[in-house]
$ cat final-v9.cif   # mmCIF, C-alpha atoms
data_structure
loop_
_atom_site.group_PDB
_atom_site.id
_atom_site.type_symbol
_atom_site.label_atom_id
_atom_site.label_comp_id
_atom_site.auth_asym_id
_atom_site.auth_seq_id
_atom_site.Cartn_x
_atom_site.Cartn_y
_atom_site.Cartn_z
ATOM 1 C CA MET A 18 8.335 -1.107 16.409
ATOM 2 C CA HIS A 19 8.505 2.486 15.170
ATOM 3 C CA PRO A 20 5.025 4.081 14.845
ATOM 4 C CA VAL A 21 5.618 4.909 11.164
ATOM 5 C CA LEU A 22 6.556 1.311 10.324
ATOM 6 C CA THR A 23 3.546 0.031 12.273
ATOM 7 C CA LEU A 24 1.162 2.267 10.336
ATOM 8 C CA VAL A 25 2.726 1.315 6.994
ATOM 9 C CA VAL A 26 2.404 -2.406 7.749
ATOM 10 C CA GLN A 27 -1.218 -1.898 8.837
ATOM 11 C CA ARG A 28 -2.080 -0.007 5.619
ATOM 12 C CA VAL A 29 -0.464 -2.645 3.402
ATOM 13 C CA ALA A 30 -2.164 -5.512 5.272
ATOM 14 C CA LEU A 31 -5.519 -3.728 5.066
ATOM 15 C CA GLY A 32 -4.988 -3.228 1.345
ATOM 16 C CA PHE A 33 -4.385 -6.941 0.768
ATOM 17 C CA LEU A 34 -7.489 -7.850 2.777
ATOM 18 C CA LEU A 35 -9.533 -5.333 0.795
ATOM 19 C CA LEU A 36 -8.223 -6.741 -2.494
ATOM 20 C CA LEU A 37 -9.142 -10.258 -1.351
ATOM 21 C CA ALA A 38 -12.662 -9.089 -0.517
ATOM 22 C CA VAL A 39 -12.977 -7.304 -3.859
ATOM 23 C CA SER A 40 -11.818 -10.431 -5.708
ATOM 24 C CA ALA A 41 -14.596 -12.424 -4.008
ATOM 25 C CA VAL A 42 -17.182 -9.770 -4.939
ATOM 26 C CA ILE A 43 -15.987 -9.727 -8.562
ATOM 27 C CA PHE A 44 -16.059 -13.512 -8.865
ATOM 28 C CA LEU A 45 -19.447 -13.985 -7.198
ATOM 29 C CA GLY A 46 -20.940 -11.016 -9.060
ATOM 30 C CA VAL A 47 -19.842 -12.353 -12.450
ATOM 31 C CA ALA A 48 -20.927 -15.890 -11.513
ATOM 32 C CA ALA A 49 -24.392 -14.605 -10.571
ATOM 33 C CA LEU A 50 -24.979 -13.068 -14.004
ATOM 34 C CA PRO A 51 -27.761 -14.765 -15.974
ATOM 35 C CA GLY A 52 -26.796 -17.123 -18.780
ATOM 36 C CA ASP A 53 -24.912 -20.378 -19.197
ATOM 37 C CA THR A 54 -21.234 -20.166 -20.152
ATOM 38 C CA ALA A 55 -21.236 -23.668 -21.638
ATOM 39 C CA GLN A 56 -24.340 -22.859 -23.675
ATOM 40 C CA ALA A 57 -22.711 -19.648 -24.927
ATOM 41 C CA ILE A 58 -19.683 -21.613 -26.152
ATOM 42 C CA LEU A 59 -21.473 -24.565 -27.777
ATOM 43 C CA GLY A 60 -24.535 -22.720 -29.016
ATOM 44 C CA GLN A 61 -28.242 -23.409 -28.743
ATOM 45 C CA SER A 62 -28.041 -26.671 -30.700
ATOM 46 C CA ALA A 63 -25.721 -28.400 -28.187
ATOM 47 C CA THR A 64 -26.916 -31.646 -26.657
ATOM 48 C CA PRO A 65 -27.385 -31.961 -22.862
ATOM 49 C CA GLN A 66 -24.512 -34.456 -22.714
ATOM 50 C CA ALA A 67 -22.152 -32.095 -24.546
ATOM 51 C CA LEU A 68 -23.122 -29.275 -22.190
ATOM 52 C CA ALA A 69 -22.557 -31.496 -19.140
ATOM 53 C CA ASN A 70 -19.144 -32.598 -20.450
ATOM 54 C CA LEU A 71 -18.033 -29.014 -21.101
ATOM 55 C CA ARG A 72 -19.246 -27.849 -17.690
ATOM 56 C CA ALA A 73 -17.238 -30.662 -16.058
ATOM 57 C CA GLU A 74 -14.172 -29.788 -18.155
ATOM 58 C CA MET A 75 -14.386 -26.098 -17.178
ATOM 59 C CA GLY A 76 -15.159 -26.885 -13.532
ATOM 60 C CA LEU A 77 -18.577 -25.237 -13.731
ATOM 61 C CA ASP A 78 -20.178 -28.229 -12.023
ATOM 62 C CA GLN A 79 -18.258 -27.523 -8.810
ATOM 63 C CA PRO A 80 -19.569 -25.433 -5.885
ATOM 64 C CA PRO A 81 -19.003 -21.644 -6.231
ATOM 65 C CA LEU A 82 -16.603 -21.552 -3.269
ATOM 66 C CA THR A 83 -14.419 -24.278 -4.803
ATOM 67 C CA ARG A 84 -14.410 -22.492 -8.160
ATOM 68 C CA TYR A 85 -13.472 -19.212 -6.450
ATOM 69 C CA PHE A 86 -10.454 -20.671 -4.675
ATOM 70 C CA ASN A 87 -9.368 -22.468 -7.858
ATOM 71 C CA TRP A 88 -9.588 -19.167 -9.749
ATOM 72 C CA LEU A 89 -7.794 -17.276 -6.982
ATOM 73 C CA GLY A 90 -5.032 -19.888 -6.900
ATOM 74 C CA GLY A 91 -4.596 -19.515 -10.637
ATOM 75 C CA VAL A 92 -4.428 -15.716 -10.325
ATOM 76 C CA LEU A 93 -1.699 -15.969 -7.681
ATOM 77 C CA THR A 94 0.381 -18.121 -10.050
ATOM 78 C CA GLY A 95 -0.208 -15.844 -13.044
ATOM 79 C CA ASP A 96 -2.910 -17.977 -14.661
ATOM 80 C CA LEU A 97 -5.921 -15.754 -15.413
ATOM 81 C CA GLY A 98 -7.710 -18.427 -17.392
ATOM 82 C CA THR A 99 -8.667 -18.773 -21.043
ATOM 83 C CA SER A 100 -10.909 -16.509 -23.080
ATOM 84 C CA ILE A 101 -14.210 -18.119 -24.011
ATOM 85 C CA SER A 102 -14.638 -16.120 -27.224
ATOM 86 C CA ASN A 103 -11.304 -16.944 -28.899
ATOM 87 C CA GLY A 104 -9.571 -19.533 -26.693
ATOM 88 C CA THR A 105 -6.474 -17.383 -26.088
ATOM 89 C CA ASP A 106 -4.602 -17.122 -22.791
ATOM 90 C CA ILE A 107 -6.008 -14.105 -20.929
ATOM 91 C CA ALA A 108 -2.734 -13.215 -19.188
ATOM 92 C CA THR A 109 -0.911 -13.029 -22.529
ATOM 93 C CA ALA A 110 -3.638 -10.912 -24.137
ATOM 94 C CA ILE A 111 -3.839 -8.577 -21.146
ATOM 95 C CA GLY A 112 -0.066 -8.067 -21.048
ATOM 96 C CA GLN A 113 0.048 -5.944 -24.203
ATOM 97 C CA ARG A 114 -3.257 -4.208 -23.467
ATOM 98 C CA LEU A 115 -2.139 -3.252 -19.961
ATOM 99 C CA GLY A 116 1.115 -1.896 -21.384
ATOM 100 C CA ASN A 117 -0.861 0.322 -23.779
ATOM 101 C CA THR A 118 -3.088 1.633 -20.979
ATOM 102 C CA LEU A 119 -0.098 2.343 -18.721
ATOM 103 C CA PHE A 120 1.631 4.157 -21.610
ATOM 104 C CA LEU A 121 -1.417 6.378 -22.059
ATOM 105 C CA ALA A 122 -1.791 6.977 -18.316
ATOM 106 C CA PHE A 123 1.932 7.725 -17.915
ATOM 107 C CA TRP A 124 1.995 10.544 -20.453
ATOM 108 C CA ALA A 125 -1.290 11.967 -19.174
ATOM 109 C CA ALA A 126 0.200 11.997 -15.650
ATOM 110 C CA VAL A 127 3.507 13.524 -16.827
ATOM 111 C CA ILE A 128 1.544 16.489 -18.201
ATOM 112 C CA SER A 129 -1.330 16.813 -15.746
ATOM 113 C CA VAL A 130 0.395 16.416 -12.362
ATOM 114 C CA PRO A 131 3.061 19.176 -12.707
ATOM 115 C CA LEU A 132 0.571 21.435 -14.510
ATOM 116 C CA ALA A 133 -2.077 20.966 -11.825
ATOM 117 C CA ILE A 134 0.395 21.696 -9.021
ATOM 118 C CA LEU A 135 1.712 24.777 -10.830
ATOM 119 C CA LEU A 136 -1.791 26.113 -11.491
ATOM 120 C CA GLY A 137 -2.748 25.384 -7.880
ATOM 121 C CA LEU A 138 0.248 27.359 -6.628
ATOM 122 C CA VAL A 139 -0.585 30.290 -8.919
ATOM 123 C CA ALA A 140 -4.260 30.219 -7.915
ATOM 124 C CA ALA A 141 -3.296 30.211 -4.226
ATOM 125 C CA ARG A 142 -0.816 33.057 -4.797
ATOM 126 C CA TYR A 143 -3.503 35.218 -6.434
ATOM 127 C CA ASN A 144 -6.398 34.003 -4.282
ATOM 128 C CA GLY A 145 -9.622 35.870 -5.128
ATOM 129 C CA ARG A 146 -8.014 37.819 -7.976
ATOM 130 C CA TRP A 147 -8.441 37.399 -11.714
ATOM 131 C CA PRO A 148 -5.722 34.721 -12.243
ATOM 132 C CA ASP A 149 -7.384 32.549 -9.575
ATOM 133 C CA LYS A 150 -10.850 33.095 -11.062
ATOM 134 C CA LEU A 151 -9.637 32.419 -14.604
ATOM 135 C CA ILE A 152 -7.821 29.183 -13.680
ATOM 136 C CA SER A 153 -10.724 27.924 -11.559
ATOM 137 C CA GLY A 154 -13.308 28.792 -14.191
ATOM 138 C CA VAL A 155 -11.500 27.128 -17.088
ATOM 139 C CA THR A 156 -10.628 23.943 -15.183
ATOM 140 C CA LEU A 157 -14.107 23.611 -13.694
ATOM 141 C CA SER A 158 -15.692 23.969 -17.134
ATOM 142 C CA THR A 159 -13.662 21.010 -18.406
ATOM 143 C CA ILE A 160 -14.432 18.756 -15.441
ATOM 144 C CA SER A 161 -18.149 19.608 -15.654
ATOM 145 C CA LEU A 162 -18.474 18.004 -19.096
ATOM 146 C CA PRO A 163 -18.751 14.197 -19.440
ATOM 147 C CA GLU A 164 -15.639 12.494 -20.766
ATOM 148 C CA PHE A 165 -17.231 11.413 -24.030
ATOM 149 C CA VAL A 166 -18.332 15.007 -24.715
ATOM 150 C CA VAL A 167 -14.791 16.322 -24.146
ATOM 151 C CA GLY A 168 -13.456 13.456 -26.251
ATOM 152 C CA TYR A 169 -15.768 14.139 -29.193
ATOM 153 C CA LEU A 170 -15.129 17.897 -29.026
ATOM 154 C CA VAL A 171 -11.362 17.337 -29.100
ATOM 155 C CA LEU A 172 -11.827 14.772 -31.865
ATOM 156 C CA TYR A 173 -13.957 17.105 -33.965
ATOM 157 C CA PHE A 174 -11.762 20.183 -33.736
ATOM 158 C CA LEU A 175 -8.236 18.729 -33.659
ATOM 159 C CA ALA A 176 -8.724 15.683 -35.890
ATOM 160 C CA VAL A 177 -11.678 16.356 -38.211
ATOM 161 C CA LYS A 178 -11.888 20.116 -38.668
ATOM 162 C CA TRP A 179 -8.229 21.159 -38.364
ATOM 163 C CA GLN A 180 -6.716 17.722 -39.120
ATOM 164 C CA LEU A 181 -3.793 18.227 -36.740
ATOM 165 C CA PHE A 182 -3.735 14.711 -35.275
ATOM 166 C CA PRO A 183 -5.049 11.236 -36.199
ATOM 167 C CA SER A 184 -8.645 10.561 -35.183
ATOM 168 C CA VAL A 185 -7.959 6.931 -34.220
ATOM 169 C CA ALA A 186 -5.329 6.261 -31.534
ATOM 170 C CA MET A 187 -4.003 3.085 -33.111
ATOM 171 C CA VAL A 188 -0.758 1.675 -31.696
ATOM 172 C CA PHE A 189 0.932 -1.636 -32.414
ATOM 173 C CA PRO A 190 4.166 -3.429 -31.484
ATOM 174 C CA GLY A 191 7.243 -2.057 -33.208
ATOM 175 C CA MET A 192 6.102 1.579 -33.336
ATOM 176 C CA GLY A 193 8.702 4.192 -32.447
ATOM 177 C CA LEU A 194 8.214 6.454 -29.441
ATOM 178 C CA MET A 195 7.373 9.547 -31.486
ATOM 179 C CA GLU A 196 4.875 7.598 -33.601
ATOM 180 C CA ARG A 197 3.170 6.296 -30.454
ATOM 181 C CA LEU A 198 3.065 9.775 -28.910
ATOM 182 C CA ASN A 199 1.553 11.232 -32.080
ATOM 183 C CA ALA A 200 -1.066 8.460 -32.059
ATOM 184 C CA VAL A 201 -2.117 8.961 -28.417
ATOM 185 C CA ILE A 202 -1.942 12.744 -28.188
ATOM 186 C CA LEU A 203 -5.728 13.250 -28.442
ATOM 187 C CA PRO A 204 -6.700 10.777 -25.682
ATOM 188 C CA VAL A 205 -3.878 12.211 -23.558
ATOM 189 C CA ILE A 206 -5.320 15.716 -24.006
ATOM 190 C CA VAL A 207 -8.771 14.485 -22.951
ATOM 191 C CA LEU A 208 -7.437 12.705 -19.851
ATOM 192 C CA VAL A 209 -5.417 15.785 -18.846
ATOM 193 C CA LEU A 210 -8.487 18.012 -19.151
ATOM 194 C CA VAL A 211 -10.566 15.559 -17.112
ATOM 195 C CA VAL A 212 -8.194 15.160 -14.131
ATOM 196 C CA LEU A 213 -6.572 18.612 -14.101
ATOM 197 C CA ALA A 214 -9.291 20.516 -12.243
ATOM 198 C CA HIS A 215 -9.554 18.095 -9.321
ATOM 199 C CA MET A 216 -5.808 18.072 -8.633
ATOM 200 C CA MET A 217 -5.487 21.836 -9.116
ATOM 201 C CA ARG A 218 -8.310 22.703 -6.748
ATOM 202 C CA MET A 219 -7.061 20.317 -4.066
ATOM 203 C CA THR A 220 -3.560 21.818 -4.319
ATOM 204 C CA ARG A 221 -5.020 25.314 -4.048
ATOM 205 C CA ALA A 222 -7.239 24.396 -1.073
ATOM 206 C CA ALA A 223 -4.408 22.607 0.781
ATOM 207 C CA ILE A 224 -2.032 25.552 0.356
ATOM 208 C CA LEU A 225 -4.629 28.128 1.409
ATOM 209 C CA ASN A 226 -5.323 26.055 4.523
ATOM 210 C CA VAL A 227 -1.623 25.984 5.432
ATOM 211 C CA MET A 228 -1.310 29.726 4.726
ATOM 212 C CA GLN A 229 -3.355 30.386 7.899
ATOM 213 C CA SER A 230 -0.560 28.961 10.080
ATOM 214 C CA ALA A 231 1.614 31.093 12.336
ATOM 215 C CA TYR A 232 4.916 30.074 10.759
ATOM 216 C CA ILE A 233 3.675 31.380 7.381
ATOM 217 C CA GLU A 234 3.100 34.771 8.959
ATOM 218 C CA THR A 235 6.622 34.614 10.402
ATOM 219 C CA ALA A 236 8.049 33.858 6.943
ATOM 220 C CA GLU A 237 6.145 36.802 5.485
ATOM 221 C CA LEU A 238 7.453 39.099 8.219
ATOM 222 C CA LYS A 239 10.996 38.085 7.272
ATOM 223 C CA GLY A 240 10.432 39.743 3.909
ATOM 224 C CA LEU A 241 10.164 36.657 1.716
ATOM 225 C CA SER A 242 8.204 37.099 -1.513
ATOM 226 C CA PRO A 243 4.699 35.563 -1.569
ATOM 227 C CA MET A 244 5.728 32.918 -4.112
ATOM 228 C CA LYS A 245 8.758 31.887 -2.021
ATOM 229 C CA VAL A 246 6.560 31.622 1.062
ATOM 230 C CA ILE A 247 4.170 29.348 -0.800
ATOM 231 C CA TRP A 248 6.858 27.202 -2.465
ATOM 232 C CA ARG A 249 9.296 26.855 0.458
ATOM 233 C CA HIS A 250 6.965 26.830 3.462
ATOM 234 C CA ALA A 251 3.332 26.221 2.508
ATOM 235 C CA PHE A 252 3.634 23.601 -0.211
ATOM 236 C CA PRO A 253 5.900 21.137 1.695
ATOM 237 C CA ASN A 254 3.416 21.127 4.582
ATOM 238 C CA ALA A 255 0.450 20.658 2.240
ATOM 239 C CA ILE A 256 2.007 17.692 0.477
ATOM 240 C CA ALA A 257 -0.082 14.984 2.195
ATOM 241 C CA PRO A 258 -3.538 15.958 0.813
ATOM 242 C CA VAL A 259 -1.964 16.822 -2.548
ATOM 243 C CA VAL A 260 -0.360 13.366 -2.761
ATOM 244 C CA ASN A 261 -3.680 11.727 -1.917
ATOM 245 C CA VAL A 262 -5.561 13.499 -4.678
ATOM 246 C CA VAL A 263 -2.730 12.918 -7.174
ATOM 247 C CA MET A 264 -2.763 9.181 -6.447
ATOM 248 C CA LEU A 265 -6.548 9.021 -6.771
ATOM 249 C CA ASN A 266 -6.312 10.679 -10.173
ATOM 250 C CA LEU A 267 -3.454 8.406 -11.233
ATOM 251 C CA ALA A 268 -5.684 5.470 -10.341
ATOM 252 C CA TYR A 269 -8.409 7.019 -12.460
ATOM 253 C CA LEU A 270 -5.996 7.383 -15.386
ATOM 254 C CA VAL A 271 -5.527 3.599 -15.355
ATOM 255 C CA VAL A 272 -8.959 2.402 -14.202
ATOM 256 C CA GLY A 273 -11.257 5.072 -15.634
ATOM 257 C CA VAL A 274 -10.003 5.207 -19.215
ATOM 258 C CA VAL A 275 -12.746 2.952 -20.604
ATOM 259 C CA VAL A 276 -14.774 5.774 -22.189
ATOM 260 C CA VAL A 277 -11.711 7.533 -23.607
ATOM 261 C CA GLU A 278 -10.313 4.310 -25.081
ATOM 262 C CA VAL A 279 -13.649 3.505 -26.708
ATOM 263 C CA VAL A 280 -13.978 7.010 -28.196
ATOM 264 C CA PHE A 281 -10.516 6.860 -29.769
ATOM 265 C CA VAL A 282 -10.559 3.086 -30.463
ATOM 266 C CA TYR A 283 -7.391 2.738 -28.388
ATOM 267 C CA PRO A 284 -6.270 -0.885 -27.845
ATOM 268 C CA GLY A 285 -6.004 -0.730 -24.065
ATOM 269 C CA MET A 286 -7.610 -2.460 -21.109
ATOM 270 C CA GLY A 287 -10.816 -0.452 -21.322
ATOM 271 C CA GLN A 288 -11.427 -1.333 -24.961
ATOM 272 C CA TYR A 289 -10.502 -4.956 -24.215
ATOM 273 C CA LEU A 290 -13.071 -5.054 -21.398
ATOM 274 C CA VAL A 291 -15.856 -3.517 -23.501
ATOM 275 C CA ASP A 292 -15.205 -5.907 -26.397
ATOM 276 C CA HIS A 293 -15.454 -8.967 -24.161
ATOM 277 C CA VAL A 294 -18.454 -7.726 -22.172
ATOM 278 C CA ALA A 295 -20.296 -7.609 -25.499
ATOM 279 C CA LYS A 296 -19.207 -11.225 -26.130
ATOM 280 C CA ARG A 297 -20.194 -12.321 -22.588
ATOM 281 C CA ASP A 298 -16.634 -13.514 -22.066
ATOM 282 C CA LEU A 299 -16.883 -13.800 -18.272
ATOM 283 C CA PRO A 300 -13.307 -14.988 -17.515
ATOM 284 C CA VAL A 301 -11.931 -11.892 -19.256
ATOM 285 C CA VAL A 302 -14.354 -9.616 -17.370
ATOM 286 C CA GLN A 303 -13.243 -11.174 -14.060
ATOM 287 C CA ALA A 304 -9.544 -10.812 -14.888
ATOM 288 C CA VAL A 305 -9.785 -7.194 -16.059
ATOM 289 C CA GLY A 306 -11.964 -6.250 -13.083
ATOM 290 C CA LEU A 307 -9.431 -7.741 -10.668
ATOM 291 C CA ILE A 308 -6.529 -5.929 -12.322
ATOM 292 C CA PHE A 309 -8.390 -2.613 -12.198
ATOM 293 C CA ALA A 310 -9.162 -3.199 -8.511
ATOM 294 C CA ALA A 311 -5.534 -4.096 -7.755
ATOM 295 C CA VAL A 312 -4.268 -0.921 -9.451
ATOM 296 C CA TYR A 313 -6.780 1.293 -7.657
ATOM 297 C CA ILE A 314 -6.161 -0.237 -4.227
ATOM 298 C CA GLY A 315 -2.385 -0.311 -4.764
ATOM 299 C CA LEU A 316 -2.188 3.397 -5.625
ATOM 300 C CA ASN A 317 -4.378 4.267 -2.638
ATOM 301 C CA ILE A 318 -2.062 2.286 -0.361
ATOM 302 C CA LEU A 319 0.905 4.125 -1.866
ATOM 303 C CA ALA A 320 -0.823 7.454 -1.187
ATOM 304 C CA ASP A 321 -1.428 6.444 2.447
ATOM 305 C CA VAL A 322 2.201 5.379 2.881
ATOM 306 C CA ILE A 323 3.534 8.635 1.395
ATOM 307 C CA SER A 324 1.186 10.651 3.622
ATOM 308 C CA ILE A 325 2.432 8.762 6.683
ATOM 309 C CA LEU A 326 6.075 9.281 5.740
ATOM 310 C CA ALA A 327 5.457 12.979 5.017
ATOM 311 C CA ASN A 328 3.913 13.580 8.452
ATOM 312 C CA PRO A 329 6.621 15.020 10.737
ATOM 313 C CA ARG A 330 4.576 14.232 13.868
ATOM 314 C CA LEU A 331 4.775 10.519 13.035
ATOM 315 C CA ARG A 332 8.405 10.569 11.915
ATOM 316 C CA HIS A 333 9.517 12.344 15.079
ATOM 317 C CA PRO A 334 7.150 11.346 17.901
ATOM 318 C CA LYS A 335 7.716 12.965 21.282
#

$ encode --input "final-v9.cif" --output "structure tokens"
Amino acid sequence: MHPVLTLVVQRVALGFLLLLAVSAVIFLGVAALPGDTAQAILGQSATPQALANLRAEMGLDQPPLTRYFNWLGGVLTGDLGTSISNGTDIATAIGQRLGNTLFLAFWAAVISVPLAILLGLVAARYNGRWPDKLISGVTLSTISLPEFVVGYLVLYFLAVKWQLFPSVAMVFPGMGLMERLNAVILPVIVLVLVVLAHMMRMTRAAILNVMQSAYIETAELKGLSPMKVIWRHAFPNAIAPVVNVVMLNLAYLVVGVVVVEVVFVYPGMGQYLVDHVAKRDLPVVQAVGLIFAAVYIGLNILADVISILANPRLRHPK
């Protein structure tokens, strides 16, 4: 088998094993939380017999290992269970919420990834000079602030003081694309500011590292302009670490949006999770946690695969 294919298969298999382990941790961690699910549903006035009947109906009287495999089997067939708080199907409820979160993450990525790479290229081109210092200073100042602080600052100035955009990012089925974009523009701005610095600095560092290579000096001696040297020769060879950091930040845009969604009351996965944590709706917490883990692990696997495919030493072994 080709070395590249072997490494790809190993990464994918390792990712599935890691996801299986994470699913067990999520299930056992939620199951170990204090409180009685049956008591939470029926209330404090429920009789012991009613509690016993409900526990048997929900399978709570079975051993934890049996309940885990039953839950995992349901997940593999698309059955995430039923919400305790409102009795709705979790998979159906999550479908729309996940779509909203992916919509928000998509537009944040469309803006932040090209902008971060461009700023990284410019910072590397003017390394140690005022453009580099200005870009690094501004981006570092945004990443140094907590997300909720950035969110409330953006909310205050752009929505309350200047009234340029709506303060609540409310979306619903049937909205047109432009209406949805206008509704989510503030949380998108916050997410871009949060992830921009990390991607930009990694791009800059990767390019500066490659710029020490001998073939870069050869390209410069040929008379190519500094920007052409960076774009044509340095950047393609620095793609692996850049892809890794981009994928990590894309995973954050999906998994780490809880604070931003709460600040802007956005009906996504993060808001859905917070609402049901407050209600002690454990099946929903398990389902959302597993989906977040799957997204994070999946994007990391994709980053590993792209890095392997981008490595010329692996593609063309001697």

$ closest_residue --input "final-v9.cif" --among "A:Ala133, A:Ala311, A:Met286, A:Val211" --to "Thr159 (chain A)" --atoms "all atoms listed in the file"
A:Val211

$ resolve_selection --input "final-v9.cif" --expression "the PyMOL selection byres ((chain A and resi 196-205) around 10)" --output "VMD selection string"
chain A and resid 117 120 to 126 128 to 129 167 to 168 171 to 172 175 to 176 181 to 195 206 to 211 270 274 277 to 278 280 to 283

$ residues_around --input "final-v9.cif" --residues "region 54-56 of chain A" --least-positions-apart "3" --cutoff "7 Å" --atoms "only C-alpha atoms" --output "MDAnalysis selection string"
chainID A and resid 59:61 68 71:72

$ residues_around --input "final-v9.cif" --residues "region 28-38 of chain A" --least-positions-apart "6" --cutoff "8 Å" --atoms "all atoms listed in the file" --output "number ranges by chain"
A: 310-311, 314-315, 318, 321-322

$ write_last_selection --input "final-v9.cif" --atoms "C-alpha atoms" --output "short mmCIF file (atom, residue, chain, number, x, y, z; two decimals), keeping the file's coordinate frame"
data_model
loop_
_atom_site.label_atom_id
_atom_site.label_comp_id
_atom_site.auth_asym_id
_atom_site.auth_seq_id
_atom_site.Cartn_x
_atom_site.Cartn_y
_atom_site.Cartn_z
CA ALA A 310 -9.16 -3.20 -8.51
CA ALA A 311 -5.53 -4.10 -7.76
CA ILE A 314 -6.16 -0.24 -4.23
CA GLY A 315 -2.38 -0.31 -4.76
CA ILE A 318 -2.06 2.29 -0.36
CA ASP A 321 -1.43 6.44 2.45
CA VAL A 322 2.20 5.38 2.88
#

$ resolve_selection --input "final-v9.cif" --expression "the PyMOL selection byres ((chain A and resi 22) around 12)" --output "MDAnalysis selection string"
chainID A and resid 18:21 23:29 322:323 325:326 331:332

$ resolve_selection --input "final-v9.cif" --expression "the PyMOL selection byres ((chain A and resi 297) around 12)" --output "ChimeraX atom specification"
/A:47-48,50-58,100-103,290-296,298-303

$ residues_around --input "final-v9.cif" --residues "Gly137 (chain A)" --least-positions-apart "3" --cutoff "7 Å" --atoms "all atoms listed in the file" --output "count of residues only"
8

$ atom_distance --input "final-v9.cif" --atom1 "CA of Gly273 (chain A)" --atom2 "CA of Leu45 (chain A)"
22.4 Å

$ closest_residue --input "final-v9.cif" --among "A:Ile308, A:Leu151, A:Ala67, A:Val276" --to "Gly95 (chain A)" --atoms "all atoms listed in the file"
A:Ile308

$ closest_atom_pairs --input "final-v9.cif" --of "region 170-217 of chain A" --to "region 265-269 of chain A" --cutoff "9 Å" --atoms "all atoms listed in the file" --output "Markdown table"
| residue | atom | partner | partner_atom | distance |
| --- | --- | --- | --- | --- |
| A:Val212 | CA | A:Asn266 | CA | 6.3 |
| A:Leu213 | CA | A:Asn266 | CA | 8.9 |
| A:His215 | CA | A:Asn266 | CA | 8.1 |
| A:Met216 | CA | A:Asn266 | CA | 7.6 |

$ residues_near_point --input "final-v9.cif" --point "(-6.0, -19.0, -8.8)" --cutoff "12 Å" --atoms "only C-alpha atoms" --output "list of chain:residue names"
A:Leu37, A:Ser40, A:Ala41, A:Phe44, A:Thr83, A:Arg84, A:Tyr85, A:Phe86, A:Asn87, A:Trp88, A:Leu89, A:Gly90, A:Gly91, A:Val92, A:Leu93, A:Thr94, A:Gly95, A:Asp96, A:Leu97, A:Gly98, A:Gln303, A:Ala304, A:Leu307

$ atom_distance --input "final-v9.cif" --atom1 "CA of Ala49 (chain A)" --atom2 "CA of Met75 (chain A)"
16.6 Å

$ atom_distance --input "final-v9.cif" --atom1 "CA of Leu132 (chain A)" --atom2 "CA of Val166 (chain A)"
22.4 Å

$ decode --input "final-v9.cif" --residues "region 118-127 of chain A" --atoms "N, CA, C and O atoms" --output "PDB file, in the first residue's frame"
ATOM      1  N   THR A 118     -26.067  27.060  13.240  1.00  0.00           N
ATOM      2  CA  THR A 118     -24.678  27.203  13.672  1.00  0.00           C
ATOM      3  C   THR A 118     -23.713  27.087  12.494  1.00  0.00           C
ATOM      4  O   THR A 118     -22.745  27.851  12.392  1.00  0.00           O
ATOM      5  N   LEU A 119     -23.959  26.134  11.598  1.00  0.00           N
ATOM      6  CA  LEU A 119     -23.100  25.979  10.422  1.00  0.00           C
ATOM      7  C   LEU A 119     -23.195  27.197   9.507  1.00  0.00           C
ATOM      8  O   LEU A 119     -22.200  27.594   8.888  1.00  0.00           O
ATOM      9  N   PHE A 120     -24.375  27.798   9.400  1.00  0.00           N
ATOM     10  CA  PHE A 120     -24.535  29.020   8.600  1.00  0.00           C
ATOM     11  C   PHE A 120     -23.678  30.144   9.177  1.00  0.00           C
ATOM     12  O   PHE A 120     -22.963  30.843   8.441  1.00  0.00           O
ATOM     13  N   LEU A 121     -23.720  30.301  10.487  1.00  0.00           N
ATOM     14  CA  LEU A 121     -22.918  31.327  11.148  1.00  0.00           C
ATOM     15  C   LEU A 121     -21.426  31.051  10.979  1.00  0.00           C
ATOM     16  O   LEU A 121     -20.642  31.948  10.644  1.00  0.00           O
ATOM     17  N   ALA A 122     -21.033  29.799  11.195  1.00  0.00           N
ATOM     18  CA  ALA A 122     -19.615  29.433  11.077  1.00  0.00           C
ATOM     19  C   ALA A 122     -19.121  29.584   9.642  1.00  0.00           C
ATOM     20  O   ALA A 122     -17.978  29.995   9.413  1.00  0.00           O
ATOM     21  N   PHE A 123     -19.974  29.256   8.667  1.00  0.00           N
ATOM     22  CA  PHE A 123     -19.578  29.345   7.259  1.00  0.00           C
ATOM     23  C   PHE A 123     -19.217  30.779   6.878  1.00  0.00           C
ATOM     24  O   PHE A 123     -18.156  31.030   6.299  1.00  0.00           O
ATOM     25  N   TRP A 124     -20.077  31.726   7.225  1.00  0.00           N
ATOM     26  CA  TRP A 124     -19.801  33.108   6.824  1.00  0.00           C
ATOM     27  C   TRP A 124     -18.650  33.707   7.621  1.00  0.00           C
ATOM     28  O   TRP A 124     -17.884  34.528   7.090  1.00  0.00           O
ATOM     29  N   ALA A 125     -18.471  33.282   8.866  1.00  0.00           N
ATOM     30  CA  ALA A 125     -17.307  33.728   9.624  1.00  0.00           C
ATOM     31  C   ALA A 125     -16.024  33.195   8.994  1.00  0.00           C
ATOM     32  O   ALA A 125     -15.012  33.907   8.909  1.00  0.00           O
ATOM     33  N   ALA A 126     -16.064  31.931   8.518  1.00  0.00           N
ATOM     34  CA  ALA A 126     -14.885  31.339   7.874  1.00  0.00           C
ATOM     35  C   ALA A 126     -14.608  31.983   6.518  1.00  0.00           C
ATOM     36  O   ALA A 126     -13.445  32.207   6.160  1.00  0.00           O
ATOM     37  N   VAL A 127     -15.664  32.276   5.747  1.00  0.00           N
ATOM     38  CA  VAL A 127     -15.495  32.898   4.430  1.00  0.00           C
ATOM     39  C   VAL A 127     -14.754  34.230   4.554  1.00  0.00           C
ATOM     40  O   VAL A 127     -13.950  34.598   3.678  1.00  0.00           O
TER      41      VAL A 127
END
